[in-house]
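S.K.: For reference, the file target-v3.txt (compact mmCIF, C-alpha atoms) is included below:
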```
# COMPACT_ATOMS: atom_id res chain seq x y z
CA MET T 20 90.32 -61.60 -243.12
CA LYS T 21 93.88 -62.90 -242.55
CA PHE T 22 97.01 -60.82 -242.22
CA HIS T 23 100.52 -62.12 -242.84
CA LYS T 24 103.47 -60.13 -241.61
CA LYS T 25 106.97 -60.75 -242.90
CA ILE T 26 109.75 -58.37 -242.01
CA ASP T 27 112.95 -59.06 -243.84
CA PRO T 28 115.83 -56.51 -243.91
CA SER T 29 116.97 -57.87 -247.27
CA TYR T 30 113.92 -56.36 -249.04
CA THR T 31 114.58 -53.09 -250.83
CA GLU T 32 110.90 -52.27 -251.44
CA THR T 33 107.67 -52.83 -249.51
CA GLU T 34 105.47 -55.45 -251.11
CA ILE T 35 101.79 -56.02 -250.42
CA LEU T 36 100.11 -59.13 -251.69
CA VAL T 37 96.31 -59.11 -251.87
CA ARG T 38 94.64 -62.50 -252.18
CA THR T 39 90.89 -62.27 -252.49
CA TYR T 40 87.90 -63.70 -254.33
CA SER T 41 86.48 -60.55 -255.94
CA GLU T 42 87.75 -57.55 -257.86
CA SER T 43 85.59 -55.12 -255.85
CA ILE T 44 87.22 -56.15 -252.55
CA TYR T 45 90.65 -55.72 -254.11
CA GLU T 46 89.66 -52.22 -255.29
CA GLU T 47 88.32 -51.35 -251.84
CA ILE T 48 91.62 -52.40 -250.21
CA MET T 49 93.64 -50.46 -252.78
CA ASN T 50 91.49 -47.36 -252.20
CA MET T 51 92.17 -47.61 -248.49
CA LEU T 52 95.92 -48.03 -248.99
CA ASP T 53 96.80 -45.14 -251.24
CA ASN T 54 93.90 -42.74 -250.55
CA SER T 55 92.74 -42.87 -254.12
CA ILE T 56 89.73 -44.23 -255.94
CA TYR T 57 89.50 -46.51 -258.88
CA LEU T 58 87.05 -45.19 -261.47
CA LYS T 59 85.90 -46.83 -264.67
CA SER T 60 85.18 -44.06 -267.17
CA THR T 61 83.87 -44.24 -270.72
CA SER T 62 87.44 -43.82 -272.00
CA GLY T 63 89.12 -46.31 -269.66
CA ALA T 64 89.91 -47.08 -266.05
CA TYR T 65 91.66 -44.54 -263.83
CA ARG T 66 93.09 -44.44 -260.36
CA VAL T 67 92.55 -40.92 -259.05
CA LYS T 68 94.07 -39.54 -255.88
CA LEU T 69 91.30 -38.09 -253.70
CA GLY T 70 93.36 -34.99 -253.04
CA ASN T 71 93.48 -34.26 -256.78
CA ILE T 72 89.71 -34.34 -257.34
CA ILE T 73 88.40 -30.77 -257.67
CA TYR T 74 84.70 -31.41 -258.01
CA ILE T 75 82.16 -33.96 -259.14
CA GLY T 76 78.99 -33.13 -261.02
CA SER T 77 76.11 -35.48 -261.60
CA ASN T 78 74.35 -35.81 -264.93
CA ARG T 79 71.55 -38.38 -264.67
CA ASN T 80 73.34 -41.75 -264.38
CA TYR T 81 76.77 -40.34 -265.11
CA LEU T 82 79.24 -38.34 -263.10
CA GLU T 83 81.66 -35.78 -264.46
CA VAL T 84 84.81 -35.94 -262.37
CA TYR T 85 87.21 -33.00 -262.60
CA ALA T 86 90.68 -33.74 -261.29
CA LYS T 87 94.05 -32.03 -261.22
CA GLU T 88 96.81 -33.88 -263.04
CA ASN T 89 100.24 -32.23 -262.95
CA ASN T 90 99.36 -28.71 -264.06
CA THR T 91 96.32 -29.55 -266.13
CA ILE T 92 92.71 -30.26 -265.26
CA LYS T 93 91.33 -33.50 -266.56
CA ASN T 94 87.70 -34.53 -266.66
CA PHE T 95 86.20 -37.92 -267.25
CA ARG T 96 82.75 -39.40 -267.31
CA VAL T 97 81.99 -42.24 -264.91
CA ARG T 98 78.89 -44.40 -264.81
CA LEU T 99 78.13 -44.07 -261.11
CA THR T 100 75.64 -42.19 -258.95
CA LEU T 101 76.55 -39.28 -256.70
CA TYR T 102 75.26 -41.21 -253.71
CA LYS T 103 77.62 -44.14 -254.46
CA ILE T 104 80.72 -42.03 -255.02
CA LYS T 105 80.04 -40.07 -251.83
CA GLU T 106 80.69 -43.27 -249.87
CA LEU T 107 84.14 -43.57 -251.43
CA LEU T 108 85.20 -39.98 -250.76
CA SER T 109 86.98 -38.58 -247.71
CA ASP T 110 85.76 -35.94 -245.24
CA ASP T 111 87.32 -33.22 -247.40
CA PHE T 112 84.42 -33.50 -249.81
CA ILE T 113 81.19 -31.61 -249.24
CA GLN T 114 77.95 -31.76 -251.14
CA ILE T 115 76.85 -28.25 -252.05
CA SER T 116 73.78 -29.05 -254.13
CA ARG T 117 71.78 -32.04 -255.26
CA THR T 118 74.16 -32.53 -258.20
CA TYR T 119 77.56 -31.28 -257.04
CA ILE T 120 80.24 -32.40 -254.60
CA ILE T 121 83.34 -30.26 -254.18
CA ASN T 122 86.74 -30.78 -252.61
CA TYR T 123 86.78 -28.33 -249.69
CA ASN T 124 90.57 -27.85 -250.04
CA PHE T 125 90.04 -26.20 -253.44
CA LEU T 126 87.23 -23.89 -252.31
CA ASP T 127 88.43 -20.32 -252.89
CA SER T 128 85.32 -18.26 -252.15
CA VAL T 129 81.54 -18.11 -252.29
CA GLU T 130 79.60 -15.49 -254.25
CA ALA T 131 75.98 -14.38 -254.58
CA ASP T 132 74.87 -14.84 -258.17
CA LEU T 133 71.76 -13.68 -260.00
CA ILE T 134 71.60 -16.72 -262.27
CA HIS T 135 72.44 -19.48 -259.79
CA GLY T 136 71.55 -17.81 -256.49
CA MET T 137 74.89 -18.68 -254.89
CA VAL T 138 78.07 -20.08 -256.41
CA ALA T 139 81.26 -21.60 -255.07
CA ARG T 140 84.54 -20.65 -256.72
CA VAL T 141 86.54 -23.86 -256.90
CA MET T 142 89.83 -23.47 -258.77
CA GLY T 143 88.22 -21.03 -261.18
CA PHE T 144 85.09 -23.14 -261.68
CA LYS T 145 81.71 -21.65 -260.76
CA ILE T 146 79.68 -24.35 -258.99
CA PRO T 147 76.06 -23.59 -258.00
CA ILE T 148 75.23 -23.89 -254.30
CA SER T 149 71.79 -24.82 -253.09
CA ARG T 150 70.62 -23.03 -249.92
CA THR T 151 69.45 -26.38 -248.53
CA TYR T 152 73.09 -27.62 -248.54
CA LEU T 153 74.55 -24.40 -247.09
CA GLU T 154 74.65 -26.00 -243.66
CA GLU T 155 77.21 -28.55 -244.93
CA ILE T 156 79.62 -25.71 -245.77
CA TYR T 157 79.06 -24.05 -242.39
CA SER T 158 79.65 -27.28 -240.46
CA LYS T 159 82.83 -27.98 -242.45
CA LEU T 160 84.07 -24.44 -241.72
CA GLU T 161 83.34 -24.90 -238.02
CA GLU T 162 85.13 -28.26 -238.04
CA GLU T 163 88.21 -26.77 -239.74
CA ASN T 164 88.33 -23.69 -237.49
CA ASN T 165 88.18 -25.73 -234.27
CA MET G 1 66.33 -8.40 -227.54
CA LYS G 2 65.18 -11.47 -229.50
CA LYS G 3 62.35 -11.96 -226.99
CA TYR G 4 61.04 -8.41 -227.64
CA ILE G 5 61.23 -8.82 -231.43
CA HIS G 6 59.38 -12.14 -231.15
CA SER G 7 56.66 -10.46 -229.03
CA CYS G 8 56.40 -7.61 -231.56
CA PHE G 9 55.77 -10.11 -234.36
CA ILE G 10 53.08 -11.85 -232.31
CA GLY G 11 51.44 -8.44 -231.80
CA ILE G 12 51.61 -7.70 -235.53
CA GLY G 13 50.04 -11.10 -236.24
CA ILE G 14 47.12 -10.44 -233.86
CA ALA G 15 46.61 -6.90 -235.27
CA SER G 16 46.62 -8.30 -238.83
CA PHE G 17 44.01 -10.88 -237.84
CA ILE G 18 41.74 -8.12 -236.41
CA ILE G 19 42.18 -6.05 -239.59
CA VAL G 20 41.25 -9.09 -241.72
CA LEU G 21 38.07 -9.60 -239.65
CA ASN G 22 37.13 -5.90 -239.90
CA SER G 23 37.84 -5.75 -243.63
CA ILE G 24 34.99 -8.24 -244.25
CA SER G 25 32.48 -5.41 -243.75
CA TYR G 26 34.54 -3.02 -245.89
CA PHE G 27 35.59 -5.21 -248.87
CA GLY G 28 33.04 -8.01 -248.58
CA MET G 29 33.40 -11.68 -247.73
CA ASN G 30 34.40 -12.69 -251.29
CA VAL G 31 37.48 -10.48 -251.43
CA VAL G 32 38.69 -11.39 -247.95
CA ILE G 33 38.32 -15.15 -248.39
CA SER G 34 39.81 -15.08 -251.89
CA SER G 35 42.76 -13.04 -250.51
CA LEU G 36 43.41 -15.67 -247.85
CA VAL G 37 43.16 -18.48 -250.42
CA LEU G 38 45.55 -16.50 -252.66
CA GLY G 39 48.01 -16.23 -249.76
CA VAL G 40 47.86 -19.99 -249.20
CA PHE G 41 48.56 -20.74 -252.89
CA GLN G 42 51.34 -18.14 -253.08
CA GLY G 43 52.94 -19.91 -250.12
CA ILE G 44 52.51 -23.40 -251.58
CA ILE G 45 54.21 -22.59 -254.90
CA VAL G 46 57.47 -21.60 -253.16
CA PRO G 47 58.47 -25.11 -251.95
CA LEU G 48 57.01 -26.60 -255.13
CA ILE G 49 59.39 -24.54 -257.27
CA TYR G 50 62.49 -24.10 -255.12
CA HIS G 51 62.65 -27.19 -252.90
CA ASN G 52 61.48 -29.72 -255.43
CA LYS G 53 63.43 -31.81 -257.91
CA ILE G 54 63.10 -29.26 -260.72
CA LYS G 55 66.60 -29.27 -262.22
CA THR G 56 67.01 -25.81 -263.67
CA LEU G 57 68.77 -22.50 -263.08
CA TYR G 58 67.82 -20.39 -260.08
CA LEU G 59 66.93 -17.49 -262.38
CA VAL G 60 64.57 -19.72 -264.39
CA LYS G 61 62.94 -20.81 -261.12
CA VAL G 62 62.50 -17.15 -260.12
CA LEU G 63 60.87 -16.37 -263.49
CA LEU G 64 58.62 -19.43 -263.18
CA HIS G 65 57.68 -18.29 -259.68
CA ALA G 66 56.89 -14.79 -261.00
CA ILE G 67 54.69 -16.13 -263.82
CA ILE G 68 52.68 -18.51 -261.59
CA SER G 69 52.39 -15.90 -258.85
CA TYR G 70 51.11 -13.27 -261.31
CA LEU G 71 48.63 -15.76 -262.81
CA LEU G 72 47.27 -16.37 -259.30
CA ILE G 73 46.95 -12.60 -258.85
CA ILE G 74 44.96 -12.35 -262.13
CA LEU G 75 42.65 -15.14 -260.91
CA TRP G 76 42.18 -13.31 -257.63
CA TRP G 77 41.49 -10.05 -259.48
CA ILE G 78 38.74 -11.76 -261.50
CA VAL G 79 37.04 -12.72 -258.20
CA GLY G 80 37.39 -9.26 -256.63
CA GLU G 81 35.61 -7.36 -259.45
CA ASN G 82 35.88 -3.84 -258.05
CA LEU G 83 39.71 -3.68 -257.82
CA SER G 84 41.81 -2.10 -260.59
CA LEU G 85 44.23 -4.49 -262.35
CA SER G 86 47.00 -1.89 -262.62
CA MET G 87 46.90 -1.26 -258.86
CA VAL G 88 46.88 -5.00 -258.07
CA SER G 89 49.76 -5.56 -260.53
CA LEU G 90 51.77 -2.73 -258.98
CA TRP G 91 51.33 -4.18 -255.49
CA TRP G 92 52.26 -7.65 -256.71
CA PHE G 93 55.39 -6.22 -258.39
CA ILE G 94 56.46 -4.35 -255.24
CA VAL G 95 55.97 -7.43 -253.04
CA PHE G 96 57.73 -9.78 -255.49
CA ILE G 97 60.72 -7.47 -255.96
CA SER G 98 60.99 -6.99 -252.17
CA VAL G 99 61.01 -10.75 -251.53
CA PHE G 100 63.51 -11.38 -254.35
CA SER G 101 65.78 -8.58 -253.05
CA TYR G 102 65.57 -9.98 -249.53
CA PHE G 103 66.77 -13.42 -250.67
CA HIS G 104 69.48 -11.88 -252.84
CA PHE G 105 70.64 -9.86 -249.83
CA MET G 106 70.62 -13.03 -247.72
CA ASN G 107 72.80 -14.77 -250.34
CA HIS G 108 75.27 -11.87 -250.16
CA LYS G 109 75.25 -12.03 -246.37
CA ASP G 110 75.89 -15.80 -246.33
CA ALA G 111 78.64 -15.48 -248.96
CA TYR G 112 80.35 -12.76 -246.90
CA LYS G 113 80.11 -14.87 -243.73
CA ILE G 114 81.60 -17.95 -245.44
CA ASN G 115 84.38 -15.94 -247.13
CA THR G 116 85.39 -14.34 -243.82
CA LYS G 117 85.63 -17.76 -242.18
CA LEU G 118 87.55 -19.15 -245.17
CA LYS G 119 90.03 -16.25 -244.99
CA ASP G 120 90.50 -16.78 -241.24
CA GLU G 121 91.14 -20.46 -241.78
CA LYS G 122 93.61 -19.82 -244.61
CA SER G 123 95.56 -17.25 -242.57
CA LYS G 124 95.68 -19.70 -239.65
CA LYS G 125 97.08 -22.40 -241.94
CA MET G 126 99.63 -19.92 -243.36
CA LYS G 127 100.80 -19.00 -239.85
CA ILE G 128 101.21 -22.67 -238.94
CA LYS G 129 103.21 -23.22 -242.16
CA GLU G 130 105.42 -20.19 -241.45
CA LYS G 131 106.09 -21.41 -237.92
CA ALA G 132 107.00 -24.85 -239.23
```
For this file, write the structure as C-alpha cells.
M.R.:
Amino acid sequence: MKFHKKIDPSYTETEILVRTYSESIYEEIMNMLDNSIYLKSTSGAYRVKLGNIIYIGSNRNYLEVYAKENNTIKNFRVRLTLYKIKELLSDDFIQISRTYIINYNFLDSVEADLIHGMVARVMGFKIPISRTYLEEIYSKLEEENN
Amino acid sequence: MKKYIHSCFIGIGIASFIIVLNSISYFGMNVVISSLVLGVFQGIIVPLIYHNKIKTLYLVKVLLHAIISYLLIILWWIVGENLSLSMVSLWWFIVFISVFSYFHFMNHKDAYKINTKLKDEKSKKMKIKEKA
C-alpha cells in the first residue's frame, strides 16, 4: 500500500483520495476512517455509525440490524452472517447468545425471565441471553471497571 | 471453607455409593440398575436440550425437558413393577421443580451481580463527567 501526503495551507477541507482495485478494499478503508460500517440491506445500501447500532439479531442467512438515527430507531435486513459482521464491529459489541450481538454502551440492565431464562434490557428492547455467553458480559464488565 | 465443603461432598458421594450397593438386597438388582440407567439418561438429555442448536424459547426447552424426563420416569416405573406411579410422579415433580427453581434463582443472582457492576460503572462515568 502507498501513502501520499500533501499538506497545503490553501485547502479549506481535508480530502482523502482512495485509489484501489476492488470495492471491498475501499469499503474496508472507509470503515476504518469514520468508525462506521457499510451495509447492503434489502432496501438499499447504508453507512451506519458503529456507535449508533443498538443490537443485531440473526435470522438464518439474514441479520436484523437495529440502529439509532436522530431520535428514532431504524431497522434493516442485511444478507450477512453474524460471524462475518462480528469481524467488522468494535470492542463495544458483545455476543450474548448464538443469535444476538448487543452494543454494550446501550445495555441498561439484565433481568431473570421465565420465558427466556435471562434477558438484557437494551434501550427498551428485551434481548435473550444464553448462559453459555454470560462470561462475555462479565469479562466486558471487568474490562470497563478496570 | 471451600476445602471442607468439597470434602463433605466427597463423603456424601461415598455414602450414596454404599447405599446404592446395600439397596440391591432391598429393592432387587433390576430396580437399582434401572435407576442408575435412568440417572444417566436424565443427565444426557440436559445438554441435548439446552446446549444444542435447538432454536426455541427457554420455556419451551424447559417443557420439552419435563416431558422427556417424565417419559423416562414412566419407562423406569414399568421396569420397577412394585413401585406406585403416583409416588414416583410426586418425587419426579419435586426434583424437577427444585432443579428449575435452582436455575431460576441462579439467573436472578447473575442478573443482580451484573446490574450492580453496571451501576458502579455508570456512577464512575458520571463522576468523571462531573469532574470534567
S.K.: Go ahead and compute the interatomic distance for atom CA of G:Phe100 and atom CA of T:Gln114, in Å to one decimal.
M.R.: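 Taking atom CA of G:Phe100 and atom CA of T:Gln114, their separation equals 25.2 Å.
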S.K.: One decimal, Å: what's the distance from atom CA of T:Arg150 over to atom CA of T:Ile121, could you say?
M.R.: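 Distance between the two atoms: 15.2 Å.
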S.K.: Figure out the distance between atom CA of T:Asn54 and atom CA of T:Ile35, please, to one decimal in Å.
M.R.: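 Distance between the two atoms: 15.4 Å.
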S.K.: Env of stretch 85-95 of chain T: 6 Å cut, atoms = only C-alpha atoms, seq-sep filter 5 positions within chain, self excluded. Answer as a list in words.
M.R.: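 With the cut-off at 6 Å, the set is Asn71, Ile72, Ile73 and Tyr74 of chain T.
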S.K.: Counting only C-alpha atoms, which residues in chain T sit no more than 10 Å from chain G? For each one, give the nearest pair of atoms and the distance in Å, sorted by chain then residue number, as a Markdown table.
M.R.:
```
| residue | atom | partner | partner_atom | distance |
| --- | --- | --- | --- | --- |
| T:Arg117 | CA | G:Lys53 | CA | 8.8 |
| T:Thr118 | CA | G:Lys55 | CA | 9.2 |
| T:Leu126 | CA | G:Leu118 | CA | 8.6 |
| T:Asp127 | CA | G:Leu118 | CA | 7.9 |
| T:Ser128 | CA | G:Asn115 | CA | 5.6 |
| T:Val129 | CA | G:Ala111 | CA | 5.1 |
| T:Glu130 | CA | G:Ala111 | CA | 5.4 |
| T:Ala131 | CA | G:His108 | CA | 5.1 |
| T:Asp132 | CA | G:Asn107 | CA | 8.1 |
| T:Leu133 | CA | G:Leu59 | CA | 6.6 |
| T:Ile134 | CA | G:Leu59 | CA | 4.7 |
| T:His135 | CA | G:Tyr58 | CA | 4.7 |
| T:Gly136 | CA | G:Tyr58 | CA | 5.8 |
| T:Met137 | CA | G:Asn107 | CA | 6.4 |
| T:Val138 | CA | G:Ala111 | CA | 8.8 |
| T:Ala139 | CA | G:Ala111 | CA | 9.0 |
| T:Pro147 | CA | G:Leu57 | CA | 9.0 |
| T:Ser149 | CA | G:Tyr58 | CA | 9.2 |
| T:Arg150 | CA | G:Asn107 | CA | 8.6 |
| T:Thr151 | CA | G:His51 | CA | 8.1 |
| T:Leu153 | CA | G:Asp110 | CA | 8.7 |
| T:Ile156 | CA | G:Ile114 | CA | 8.0 |
| T:Tyr157 | CA | G:Ile114 | CA | 7.3 |
| T:Leu160 | CA | G:Lys117 | CA | 6.9 |
| T:Glu161 | CA | G:Lys117 | CA | 8.6 |
| T:Glu163 | CA | G:Glu121 | CA | 7.3 |
| T:Asn164 | CA | G:Glu121 | CA | 6.1 |
| T:Asn165 | CA | G:Glu121 | CA | 9.6 |
```
S.K.: Using the incomplete input, complete stretch 7-38 of chain G to the level of N, CA and C atoms; output as a PDB file, in the coordinates of the input.
M.R.:
```
ATOM      1  N   SER G   7      57.938 -10.968-229.549  1.00  0.00           N
ATOM      2  CA  SER G   7      56.660 -10.460-229.030  1.00  0.00           C
ATOM      3  C   SER G   7      56.046  -9.458-229.989  1.00  0.00           C
ATOM      4  N   CYS G   8      56.880  -8.601-230.591  1.00  0.00           N
ATOM      5  CA  CYS G   8      56.400  -7.610-231.560  1.00  0.00           C
ATOM      6  C   CYS G   8      55.704  -8.306-232.730  1.00  0.00           C
ATOM      7  N   PHE G   9      56.356  -9.393-233.228  1.00  0.00           N
ATOM      8  CA  PHE G   9      55.770 -10.110-234.360  1.00  0.00           C
ATOM      9  C   PHE G   9      54.448 -10.773-233.986  1.00  0.00           C
ATOM     10  N   ILE G  10      54.344 -11.255-232.765  1.00  0.00           N
ATOM     11  CA  ILE G  10      53.080 -11.850-232.310  1.00  0.00           C
ATOM     12  C   ILE G  10      52.006 -10.766-232.307  1.00  0.00           C
ATOM     13  N   GLY G  11      52.370  -9.571-231.813  1.00  0.00           N
ATOM     14  CA  GLY G  11      51.440  -8.440-231.800  1.00  0.00           C
ATOM     15  C   GLY G  11      50.991  -8.061-233.194  1.00  0.00           C
ATOM     16  N   ILE G  12      51.950  -8.030-234.131  1.00  0.00           N
ATOM     17  CA  ILE G  12      51.610  -7.700-235.530  1.00  0.00           C
ATOM     18  C   ILE G  12      50.655  -8.752-236.098  1.00  0.00           C
ATOM     19  N   GLY G  13      50.896 -10.011-235.771  1.00  0.00           N
ATOM     20  CA  GLY G  13      50.040 -11.100-236.240  1.00  0.00           C
ATOM     21  C   GLY G  13      48.612 -10.942-235.731  1.00  0.00           C
ATOM     22  N   ILE G  14      48.465 -10.612-234.439  1.00  0.00           N
ATOM     23  CA  ILE G  14      47.120 -10.440-233.860  1.00  0.00           C
ATOM     24  C   ILE G  14      46.426  -9.230-234.505  1.00  0.00           C
ATOM     25  N   ALA G  15      47.175  -8.112-234.660  1.00  0.00           N
ATOM     26  CA  ALA G  15      46.610  -6.900-235.270  1.00  0.00           C
ATOM     27  C   ALA G  15      46.155  -7.185-236.699  1.00  0.00           C
ATOM     28  N   SER G  16      46.978  -7.960-237.443  1.00  0.00           N
ATOM     29  CA  SER G  16      46.620  -8.300-238.830  1.00  0.00           C
ATOM     30  C   SER G  16      45.332  -9.111-238.867  1.00  0.00           C
ATOM     31  N   PHE G  17      45.215 -10.031-237.901  1.00  0.00           N
ATOM     32  CA  PHE G  17      44.010 -10.880-237.840  1.00  0.00           C
ATOM     33  C   PHE G  17      42.765 -10.013-237.608  1.00  0.00           C
ATOM     34  N   ILE G  18      42.876  -9.015-236.699  1.00  0.00           N
ATOM     35  CA  ILE G  18      41.740  -8.120-236.410  1.00  0.00           C
ATOM     36  C   ILE G  18      41.392  -7.304-237.656  1.00  0.00           C
ATOM     37  N   ILE G  19      42.419  -6.838-238.364  1.00  0.00           N
ATOM     38  CA  ILE G  19      42.180  -6.050-239.590  1.00  0.00           C
ATOM     39  C   ILE G  19      41.458  -6.903-240.636  1.00  0.00           C
ATOM     40  N   VAL G  20      41.887  -8.170-240.753  1.00  0.00           N
ATOM     41  CA  VAL G  20      41.250  -9.090-241.720  1.00  0.00           C
ATOM     42  C   VAL G  20      39.764  -9.245-241.373  1.00  0.00           C
ATOM     43  N   LEU G  21      39.475  -9.432-240.079  1.00  0.00           N
ATOM     44  CA  LEU G  21      38.070  -9.600-239.650  1.00  0.00           C
ATOM     45  C   LEU G  21      37.257  -8.343-239.958  1.00  0.00           C
ATOM     46  N   ASN G  22      37.834  -7.155-239.655  1.00  0.00           N
ATOM     47  CA  ASN G  22      37.130  -5.900-239.900  1.00  0.00           C
ATOM     48  C   ASN G  22      36.944  -5.605-241.378  1.00  0.00           C
ATOM     49  N   SER G  23      37.919  -6.055-242.192  1.00  0.00           N
ATOM     50  CA  SER G  23      37.840  -5.750-243.630  1.00  0.00           C
ATOM     51  C   SER G  23      36.707  -6.486-244.324  1.00  0.00           C
ATOM     52  N   ILE G  24      36.128  -7.515-243.641  1.00  0.00           N
ATOM     53  CA  ILE G  24      34.990  -8.240-244.250  1.00  0.00           C
ATOM     54  C   ILE G  24      33.854  -7.249-244.528  1.00  0.00           C
ATOM     55  N   SER G  25      33.579  -6.363-243.553  1.00  0.00           N
ATOM     56  CA  SER G  25      32.480  -5.410-243.750  1.00  0.00           C
ATOM     57  C   SER G  25      32.829  -4.334-244.785  1.00  0.00           C
ATOM     58  N   TYR G  26      34.130  -4.065-244.959  1.00  0.00           N
ATOM     59  CA  TYR G  26      34.540  -3.020-245.890  1.00  0.00           C
ATOM     60  C   TYR G  26      34.658  -3.549-247.330  1.00  0.00           C
ATOM     61  N   PHE G  27      35.371  -4.670-247.509  1.00  0.00           N
ATOM     62  CA  PHE G  27      35.590  -5.210-248.870  1.00  0.00           C
ATOM     63  C   PHE G  27      34.556  -6.274-249.263  1.00  0.00           C
ATOM     64  N   GLY G  28      33.963  -6.909-248.288  1.00  0.00           N
ATOM     65  CA  GLY G  28      33.040  -8.010-248.580  1.00  0.00           C
ATOM     66  C   GLY G  28      33.725  -9.344-248.352  1.00  0.00           C
ATOM     67  N   MET G  29      32.910 -10.337-248.073  1.00  0.00           N
ATOM     68  CA  MET G  29      33.400 -11.680-247.730  1.00  0.00           C
ATOM     69  C   MET G  29      34.236 -12.293-248.862  1.00  0.00           C
ATOM     70  N   ASN G  30      33.736 -12.102-250.113  1.00  0.00           N
ATOM     71  CA  ASN G  30      34.400 -12.690-251.290  1.00  0.00           C
ATOM     72  C   ASN G  30      35.870 -12.317-251.386  1.00  0.00           C
ATOM     73  N   VAL G  31      36.119 -10.994-251.276  1.00  0.00           N
ATOM     74  CA  VAL G  31      37.480 -10.480-251.430  1.00  0.00           C
ATOM     75  C   VAL G  31      38.388 -10.993-250.309  1.00  0.00           C
ATOM     76  N   VAL G  32      37.870 -10.972-249.083  1.00  0.00           N
ATOM     77  CA  VAL G  32      38.690 -11.390-247.950  1.00  0.00           C
ATOM     78  C   VAL G  32      39.053 -12.880-248.050  1.00  0.00           C
ATOM     79  N   ILE G  33      38.047 -13.704-248.304  1.00  0.00           N
ATOM     80  CA  ILE G  33      38.320 -15.150-248.390  1.00  0.00           C
ATOM     81  C   ILE G  33      39.236 -15.455-249.579  1.00  0.00           C
ATOM     82  N   SER G  34      38.950 -14.818-250.726  1.00  0.00           N
ATOM     83  CA  SER G  34      39.810 -15.080-251.890  1.00  0.00           C
ATOM     84  C   SER G  34      41.247 -14.600-251.629  1.00  0.00           C
ATOM     85  N   SER G  35      41.410 -13.527-250.847  1.00  0.00           N
ATOM     86  CA  SER G  35      42.760 -13.040-250.510  1.00  0.00           C
ATOM     87  C   SER G  35      43.508 -14.067-249.666  1.00  0.00           C
ATOM     88  N   LEU G  36      42.776 -14.664-248.708  1.00  0.00           N
ATOM     89  CA  LEU G  36      43.410 -15.670-247.850  1.00  0.00           C
ATOM     90  C   LEU G  36      43.790 -16.907-248.657  1.00  0.00           C
ATOM     91  N   VAL G  37      42.881 -17.321-249.569  1.00  0.00           N
ATOM     92  CA  VAL G  37      43.160 -18.480-250.420  1.00  0.00           C
ATOM     93  C   VAL G  37      44.375 -18.166-251.314  1.00  0.00           C
ATOM     94  N   LEU G  38      44.416 -16.923-251.829  1.00  0.00           N
ATOM     95  CA  LEU G  38      45.550 -16.500-252.660  1.00  0.00           C
ATOM     96  C   LEU G  38      46.860 -16.611-251.875  1.00  0.00           C
TER      97      LEU G  38
END
```
